[in-house]
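All remarks here apply to the structure that follows.
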Amino acid sequence: MEFLYEYGLFAAKALTWVVALGVIIALVAGAAAKQKQGGDGIRVKDLSAALRRQQRRLRLETAANDAERKALKQEFQKADKAEKKQGDARSRIYVLDFRGSMDAREVAGLGREVNALLQLAEPGDEVLVRLESGGGVVHGYGLGAAELQRLKGHGLKLTVAVDKVAASGGYMMACVAERIIAAPFAIIGSIGVVAQLPNFNKFLKNHDIDVELHTAGEYKRTLTLFGENDDHGRAKFREELEVIHQRFKAFIAQNRPKIELERVATGEHWLASDAEALGLVDGLQTSNDYLLAQSAGKRVISLHFKPKQTLRDKLGKAAEVGVSRALMKLYETGQRPFG
């Protein structure tokens, strides 16, 4: 009997593992199938409808009595019927969100959003870009600014809202807009160019390590990480930075011609409340306040590109979360008092 009991217990465990393995295989297969289905990754959300639902819910929850609540429901039903019959003839304002990092990798998604928007919007529609970036690589943010210029080139009104920061490359993108609004304490400006790199040549020499660098072309490499840099290379590097700065300033002047360029193109940054006086922004207002005001007469629609994650991405993310939680557990355990 004991043998049969142990055998049955073993069989139950084995069956559990088989079922678990089958579930895992099914999940993997399902994820792979979804991955093959593809899709453009563009998410569309009607922000006007969401705001209206919120407003109605708040009005119902704060109604004085049942009679008022009933009257409100009738009012809402009547408005919905009228809109369904007549259609929504309001002009549209489209919302894009851009939060840029140093390498400007988010510009690829912005390009996809602009493509979708140009297939959807009509000339005269407005686009609000909620922009947040401290800048980064020149070529990446230059492309980002060019993507926003495409919107204006197709007859769309472009507004940029800065709630936190639009500096350096971030401001390069923002200045394309016909109007820039910003929260009072947002960071604005930093119209300059910076580059830095460490040099390990002295360290390598102290450890008897030689580095050979061979180039074809006098300025193929001006400064290096491991070789010995000289004043000639430094001068050329600074010259290249100055060329980029001059192009940056010319771009600002083209898009914001009323700015006193030499006053603001020093690499400094300002709070938006001060930047307004310098002509770097046109008004002090948060993006939420702007959209809430616009939603009274316009239909507000958000477009967002979200790339589909591969199974490898999902597993990597799950592993990252697992490790993070384990480390947090260890930290919390280490913080507990003895006893």
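For the structure tokens, the naming scheme is as follows: chains receive sequential letters (A, B, ...) according to their order of presentation, residues are indexed from 1 within each chain, and ligands are indexed from 1 in presentation order.
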
Can you tell me, as JSON, numbers by chain, what residues are no more than 12 Å from segment 67-81 of chain A when counting only C-alpha atoms, ignoring any on the same chain fewer than 3 positions away? {"A": [49, 52, 53, 55, 56, 57, 58, 59, 60, 61, 62, 63, 64, 84, 85, 86, 87, 88]}

Neighbour list for Asn115 of chain A as a short mmCIF file (atom, residue, chain, number, x, y, z; two decimals) with all heavy atoms, in the first residue's frame, cut-off 12 Å, only C-alpha atoms, skip fewer than 2 positions in-chain:
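Output file around_35.cif follows:
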data_model
loop_
_atom_site.label_atom_id
_atom_site.label_comp_id
_atom_site.auth_asym_id
_atom_site.auth_seq_id
_atom_site.Cartn_x
_atom_site.Cartn_y
_atom_site.Cartn_z
N ASP A 40 0.49 48.05 -37.40
CA ASP A 40 1.34 49.23 -37.53
C ASP A 40 1.74 49.82 -36.18
O ASP A 40 2.59 50.70 -36.12
CB ASP A 40 0.65 50.30 -38.39
CG ASP A 40 -0.71 50.71 -37.83
OD1 ASP A 40 -1.00 50.36 -36.68
OD2 ASP A 40 -1.46 51.38 -38.56
N ILE A 42 0.13 51.78 -34.18
CA ILE A 42 -0.42 53.10 -33.89
C ILE A 42 -1.68 52.94 -33.04
O ILE A 42 -2.64 52.29 -33.45
CB ILE A 42 -0.75 53.89 -35.17
CG1 ILE A 42 0.52 54.13 -35.99
CG2 ILE A 42 -1.43 55.21 -34.83
CD1 ILE A 42 1.51 55.07 -35.34
N ALA A 108 12.26 57.67 -34.17
CA ALA A 108 11.73 56.68 -35.12
C ALA A 108 10.22 56.51 -34.91
O ALA A 108 9.45 56.46 -35.88
CB ALA A 108 12.44 55.34 -34.95
N GLY A 109 9.80 56.41 -33.66
CA GLY A 109 8.37 56.31 -33.37
C GLY A 109 7.62 57.58 -33.75
O GLY A 109 6.49 57.52 -34.25
N LEU A 110 8.25 58.73 -33.53
CA LEU A 110 7.63 60.00 -33.92
C LEU A 110 7.39 60.03 -35.43
O LEU A 110 6.33 60.49 -35.89
CB LEU A 110 8.54 61.17 -33.51
CG LEU A 110 8.08 62.56 -33.94
CD1 LEU A 110 6.77 62.94 -33.26
CD2 LEU A 110 9.16 63.61 -33.64
N GLY A 111 8.33 59.54 -36.19
CA GLY A 111 8.17 59.49 -37.64
C GLY A 111 6.96 58.65 -38.04
O GLY A 111 6.22 59.01 -38.97
N ARG A 112 6.76 57.53 -37.35
CA ARG A 112 5.60 56.68 -37.64
C ARG A 112 4.30 57.41 -37.30
O ARG A 112 3.30 57.31 -38.01
CB ARG A 112 5.70 55.39 -36.82
CG ARG A 112 6.91 54.52 -37.16
CD ARG A 112 6.73 53.78 -38.48
NE ARG A 112 5.69 52.77 -38.38
CZ ARG A 112 5.89 51.50 -38.00
NH1 ARG A 112 7.10 51.12 -37.64
NH2 ARG A 112 4.89 50.63 -37.96
N GLU A 113 4.32 58.15 -36.20
CA GLU A 113 3.13 58.91 -35.80
C GLU A 113 2.82 60.01 -36.81
O GLU A 113 1.64 60.25 -37.14
CB GLU A 113 3.34 59.50 -34.40
CG GLU A 113 3.39 58.45 -33.30
CD GLU A 113 3.89 58.99 -31.99
OE1 GLU A 113 4.27 60.17 -31.92
OE2 GLU A 113 3.93 58.22 -31.01
N LEU A 117 -0.52 60.52 -39.04
CA LEU A 117 -1.26 61.77 -38.91
C LEU A 117 -1.48 62.42 -40.27
O LEU A 117 -2.57 62.96 -40.54
CB LEU A 117 -0.48 62.72 -38.00
CG LEU A 117 -1.24 63.89 -37.38
CD1 LEU A 117 -2.54 63.43 -36.75
CD2 LEU A 117 -0.37 64.56 -36.34
N LEU A 118 -0.49 62.35 -41.14
CA LEU A 118 -0.63 62.94 -42.46
C LEU A 118 -1.63 62.19 -43.33
O LEU A 118 -2.16 62.73 -44.31
CB LEU A 118 0.73 63.01 -43.17
CG LEU A 118 1.76 63.93 -42.51
CD1 LEU A 118 3.05 63.94 -43.30
CD2 LEU A 118 1.21 65.35 -42.38
N GLN A 119 -1.91 60.94 -42.98
CA GLN A 119 -2.95 60.17 -43.68
C GLN A 119 -4.33 60.43 -43.12
O GLN A 119 -5.33 60.08 -43.74
CB GLN A 119 -2.64 58.67 -43.58
CG GLN A 119 -1.37 58.25 -44.29
CD GLN A 119 -1.03 56.79 -44.05
OE1 GLN A 119 -1.03 56.32 -42.91
NE2 GLN A 119 -0.76 56.06 -45.12
N LEU A 120 -4.39 61.05 -41.94
CA LEU A 120 -5.65 61.20 -41.23
C LEU A 120 -6.14 62.64 -41.16
O LEU A 120 -7.32 62.92 -41.37
CB LEU A 120 -5.49 60.64 -39.81
CG LEU A 120 -6.68 60.73 -38.85
CD1 LEU A 120 -7.85 59.92 -39.37
CD2 LEU A 120 -6.27 60.25 -37.45
N ALA A 121 -5.24 63.56 -40.84
CA ALA A 121 -5.63 64.94 -40.57
C ALA A 121 -5.94 65.70 -41.86
O ALA A 121 -5.48 65.35 -42.95
CB ALA A 121 -4.52 65.65 -39.80
N GLU A 147 10.92 66.00 -38.77
CA GLU A 147 9.63 65.29 -38.73
C GLU A 147 8.51 66.26 -38.37
O GLU A 147 7.41 66.20 -38.94
CB GLU A 147 9.69 64.14 -37.73
CG GLU A 147 10.61 62.99 -38.11
CD GLU A 147 10.08 62.16 -39.27
OE1 GLU A 147 9.01 62.50 -39.83
OE2 GLU A 147 10.73 61.16 -39.63
N LEU A 148 8.75 67.14 -37.41
CA LEU A 148 7.72 68.12 -37.04
C LEU A 148 7.48 69.13 -38.16
O LEU A 148 6.35 69.59 -38.36
CB LEU A 148 8.12 68.84 -35.75
CG LEU A 148 8.21 67.97 -34.49
CD1 LEU A 148 8.51 68.83 -33.27
CD2 LEU A 148 6.91 67.19 -34.27
N ARG A 150 7.41 68.47 -41.21
CA ARG A 150 6.54 67.83 -42.19
C ARG A 150 5.08 68.18 -41.92
O ARG A 150 4.28 68.34 -42.84
CB ARG A 150 6.71 66.31 -42.15
CG ARG A 150 8.06 65.81 -42.63
CD ARG A 150 8.19 64.32 -42.38
NE ARG A 150 7.16 63.57 -43.09
CZ ARG A 150 6.77 62.34 -42.77
NH1 ARG A 150 7.31 61.74 -41.71
NH2 ARG A 150 5.85 61.71 -43.47
N LEU A 151 4.72 68.27 -40.63
CA LEU A 151 3.34 68.60 -40.27
C LEU A 151 2.95 69.98 -40.79
O LEU A 151 1.89 70.16 -41.38
CB LEU A 151 3.17 68.53 -38.75
CG LEU A 151 3.40 67.16 -38.10
CD1 LEU A 151 3.41 67.29 -36.59
CD2 LEU A 151 2.32 66.18 -38.54
N HIS A 154 2.37 70.28 -44.52
CA HIS A 154 1.09 69.76 -45.02
C HIS A 154 -0.10 70.59 -44.53
O HIS A 154 -1.24 70.13 -44.55
CB HIS A 154 0.91 68.30 -44.60
CG HIS A 154 1.72 67.34 -45.43
ND1 HIS A 154 3.09 67.21 -45.28
CD2 HIS A 154 1.36 66.48 -46.42
CE1 HIS A 154 3.53 66.30 -46.13
NE2 HIS A 154 2.52 65.85 -46.83
N LEU A 303 -2.62 60.17 -30.73
CA LEU A 303 -1.99 59.12 -31.53
C LEU A 303 -0.67 58.74 -30.86
O LEU A 303 0.11 59.61 -30.47
CB LEU A 303 -1.70 59.58 -32.95
CG LEU A 303 -2.80 59.36 -34.00
CD1 LEU A 303 -3.96 60.32 -33.76
CD2 LEU A 303 -2.25 59.56 -35.41
N HIS A 304 -0.45 57.44 -30.72
CA HIS A 304 0.78 56.98 -30.06
C HIS A 304 1.27 55.71 -30.73
O HIS A 304 0.51 54.77 -30.93
CB HIS A 304 0.52 56.73 -28.57
CG HIS A 304 1.70 56.14 -27.86
ND1 HIS A 304 2.90 56.82 -27.72
CD2 HIS A 304 1.88 54.94 -27.25
CE1 HIS A 304 3.76 56.05 -27.07
NE2 HIS A 304 3.17 54.92 -26.77
N PHE A 305 2.55 55.72 -31.10
CA PHE A 305 3.16 54.53 -31.69
C PHE A 305 3.78 53.68 -30.60
O PHE A 305 4.63 54.15 -29.83
CB PHE A 305 4.24 54.92 -32.71
CG PHE A 305 5.04 53.74 -33.20
CD1 PHE A 305 4.47 52.81 -34.05
CD2 PHE A 305 6.35 53.56 -32.80
CE1 PHE A 305 5.20 51.72 -34.50
CE2 PHE A 305 7.09 52.47 -33.24
CZ PHE A 305 6.51 51.56 -34.10
#

Which of these residues is nearest to Gly297 of chain A, using only C-alpha atoms: A:Ala82, A:Glu268, A:Arg43, A:Arg90?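 Ranked by minimum distance to Gly297 of chain A, first place goes to A:Arg90.
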
Expected answer as an MDAnalysis selection string: alpha helix (DSSP H) residues in segment 100-314 of chain A: chainID A and resid 107:120 138:153 169:174 201:206 231:255 261:264 272:275 287:294 311:314

Please provide the set of residues having any atom within 8 Å of Ala186 of chain A, restricted to only C-alpha atoms, with same-chain residues fewer than 5 positions apart removed, written as a VMD selection string. chain A and resid 162 to 166 271 to 272

Export of prior selection with N, CA and C atoms as a compact mmCIF listing (two decimals), in the first residue's frame:
# COMPACT_ATOMS: atom_id res chain seq x y z
N VAL A 162 5.45 72.32 -23.40
CA VAL A 162 6.59 71.86 -22.59
C VAL A 162 6.19 71.93 -21.12
N ASP A 163 5.99 70.78 -20.50
CA ASP A 163 5.62 70.76 -19.09
C ASP A 163 6.83 70.69 -18.17
N LYS A 164 7.94 70.11 -18.65
CA LYS A 164 9.11 69.94 -17.79
C LYS A 164 10.38 70.54 -18.39
N VAL A 165 10.78 70.07 -19.56
CA VAL A 165 12.05 70.55 -20.12
C VAL A 165 12.06 70.42 -21.65
N ALA A 166 12.56 71.47 -22.30
CA ALA A 166 12.88 71.43 -23.73
C ALA A 166 14.19 72.21 -23.88
N LEU A 271 14.07 79.29 -16.71
CA LEU A 271 12.72 78.87 -16.39
C LEU A 271 11.78 79.50 -17.41
N ALA A 272 10.71 78.82 -17.72
CA ALA A 272 9.80 79.30 -18.77
C ALA A 272 9.26 80.69 -18.44

Using only C-alpha atoms, what does the table of segment 240-324 of chain A residues within 10 Å of segment 124-135 of chain A look like, with each row giving the shortest atom pair and its distance in Å to one decimal, sorted by chain and ascending number, as JSON lines?
{"residue": "A:Thr286", "atom": "CA", "partner": "A:Arg130", "partner_atom": "CA", "distance": 9.6}
{"residue": "A:Ser287", "atom": "CA", "partner": "A:Arg130", "partner_atom": "CA", "distance": 6.9}
{"residue": "A:Asn288", "atom": "CA", "partner": "A:Arg130", "partner_atom": "CA", "distance": 9.7}
{"residue": "A:Tyr290", "atom": "CA", "partner": "A:Leu128", "partner_atom": "CA", "distance": 9.5}
{"residue": "A:Leu291", "atom": "CA", "partner": "A:Leu128", "partner_atom": "CA", "distance": 8.8}
{"residue": "A:Lys298", "atom": "CA", "partner": "A:Glu126", "partner_atom": "CA", "distance": 9.7}
{"residue": "A:Val300", "atom": "CA", "partner": "A:Glu126", "partner_atom": "CA", "distance": 9.6}
{"residue": "A:Ile301", "atom": "CA", "partner": "A:Val127", "partner_atom": "CA", "distance": 9.5}
{"residue": "A:Ser302", "atom": "CA", "partner": "A:Leu128", "partner_atom": "CA", "distance": 9.3}

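If you look at atom CA of Gly279 of chain A and atom CA of Ser190 of chain A, they are 13.9 Å away from each other.
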
Once DSSP has gone over the backbone, tell me which residues of segment 30-206 of chain A are in strand (DSSP E), as a short mmCIF file (atom, residue, chain, number, x, y, z; two decimals) with N, CA and C atoms, in the first residue's frame.
data_model
loop_
_atom_site.label_atom_id
_atom_site.label_comp_id
_atom_site.auth_asym_id
_atom_site.auth_seq_id
_atom_site.Cartn_x
_atom_site.Cartn_y
_atom_site.Cartn_z
N ILE A 42 0.13 51.78 -34.18
CA ILE A 42 -0.42 53.10 -33.89
C ILE A 42 -1.68 52.94 -33.04
N ARG A 43 -1.66 53.52 -31.86
CA ARG A 43 -2.82 53.50 -30.96
C ARG A 43 -3.55 54.84 -31.06
N VAL A 44 -4.86 54.80 -31.19
CA VAL A 44 -5.68 56.01 -31.29
C VAL A 44 -6.62 56.06 -30.09
N LYS A 45 -6.68 57.22 -29.44
CA LYS A 45 -7.57 57.37 -28.29
C LYS A 45 -8.31 58.70 -28.38
N ASP A 46 -9.62 58.64 -28.21
CA ASP A 46 -10.45 59.85 -28.24
C ASP A 46 -10.43 60.47 -26.84
N ARG A 92 -10.61 69.22 -35.34
CA ARG A 92 -9.86 68.27 -34.51
C ARG A 92 -8.50 68.83 -34.09
N ILE A 93 -8.10 68.41 -32.92
CA ILE A 93 -6.74 68.67 -32.46
C ILE A 93 -6.13 67.32 -32.10
N TYR A 94 -5.02 67.00 -32.74
CA TYR A 94 -4.35 65.72 -32.53
C TYR A 94 -3.19 65.90 -31.55
N VAL A 95 -3.01 64.92 -30.69
CA VAL A 95 -1.99 65.01 -29.64
C VAL A 95 -0.93 63.93 -29.83
N LEU A 96 0.32 64.37 -29.88
CA LEU A 96 1.46 63.45 -29.93
C LEU A 96 2.31 63.68 -28.68
N ASP A 97 2.88 62.63 -28.15
CA ASP A 97 3.77 62.73 -26.99
C ASP A 97 5.18 62.34 -27.40
N PHE A 98 6.14 63.21 -27.10
CA PHE A 98 7.54 62.90 -27.39
C PHE A 98 8.37 63.13 -26.14
N ARG A 99 8.97 62.05 -25.63
CA ARG A 99 9.89 62.12 -24.49
C ARG A 99 11.23 61.57 -24.97
N GLU A 126 -5.23 71.05 -36.01
CA GLU A 126 -4.11 71.41 -35.13
C GLU A 126 -3.46 70.15 -34.56
N VAL A 127 -2.15 70.22 -34.38
CA VAL A 127 -1.39 69.15 -33.73
C VAL A 127 -0.71 69.74 -32.50
N LEU A 128 -0.94 69.11 -31.36
CA LEU A 128 -0.24 69.49 -30.14
C LEU A 128 0.79 68.41 -29.82
N VAL A 129 2.04 68.81 -29.74
CA VAL A 129 3.10 67.88 -29.34
C VAL A 129 3.50 68.18 -27.91
N ARG A 130 3.25 67.23 -27.01
CA ARG A 130 3.71 67.38 -25.63
C ARG A 130 5.15 66.87 -25.59
N LEU A 131 6.08 67.81 -25.51
CA LEU A 131 7.50 67.50 -25.70
C LEU A 131 8.26 67.59 -24.39
N GLU A 132 9.11 66.62 -24.17
CA GLU A 132 9.96 66.60 -22.97
C GLU A 132 11.31 66.01 -23.34
N LYS A 157 -1.61 73.10 -38.27
CA LYS A 157 -1.16 74.05 -37.26
C LYS A 157 -0.42 73.28 -36.17
N LEU A 158 0.79 73.71 -35.83
CA LEU A 158 1.62 72.97 -34.88
C LEU A 158 1.84 73.79 -33.61
N THR A 159 1.47 73.20 -32.48
CA THR A 159 1.72 73.79 -31.17
C THR A 159 2.55 72.80 -30.35
N VAL A 160 3.53 73.30 -29.63
CA VAL A 160 4.34 72.45 -28.74
C VAL A 160 4.09 72.89 -27.31
N ALA A 161 3.85 71.92 -26.44
CA ALA A 161 3.67 72.17 -25.01
C ALA A 161 4.82 71.54 -24.24
N VAL A 162 5.45 72.32 -23.40
CA VAL A 162 6.59 71.86 -22.59
C VAL A 162 6.19 71.93 -21.12
N VAL A 165 10.78 70.07 -19.56
CA VAL A 165 12.05 70.55 -20.12
C VAL A 165 12.06 70.42 -21.65
N ALA A 166 12.56 71.47 -22.30
CA ALA A 166 12.88 71.43 -23.73
C ALA A 166 14.19 72.21 -23.88
N ALA A 167 15.29 71.48 -23.81
CA ALA A 167 16.61 72.11 -23.82
C ALA A 167 17.45 71.52 -24.94
N ARG A 179 3.54 77.97 -32.20
CA ARG A 179 3.34 78.48 -30.85
C ARG A 179 3.91 77.48 -29.85
N ILE A 180 4.65 78.02 -28.87
CA ILE A 180 5.21 77.20 -27.79
C ILE A 180 4.60 77.66 -26.47
N ILE A 181 3.98 76.73 -25.76
CA ILE A 181 3.50 77.03 -24.41
C ILE A 181 4.31 76.19 -23.43
N ALA A 182 4.44 76.66 -22.21
CA ALA A 182 5.25 75.93 -21.23
C ALA A 182 4.74 76.20 -19.83
N ILE A 187 12.10 73.96 -17.89
CA ILE A 187 13.45 74.40 -18.28
C ILE A 187 13.49 74.58 -19.80
N ILE A 188 13.90 75.78 -20.24
CA ILE A 188 13.88 76.13 -21.65
C ILE A 188 15.24 76.67 -22.08
N GLY A 189 15.67 76.32 -23.30
CA GLY A 189 16.86 76.95 -23.87
C GLY A 189 18.01 76.01 -24.09
#

Find, counting only C-alpha atoms, the residue in A:His214, A:Arg234, A:His269, A:Lys152 that gets nearest to Asn255 of chain A. A:Lys152
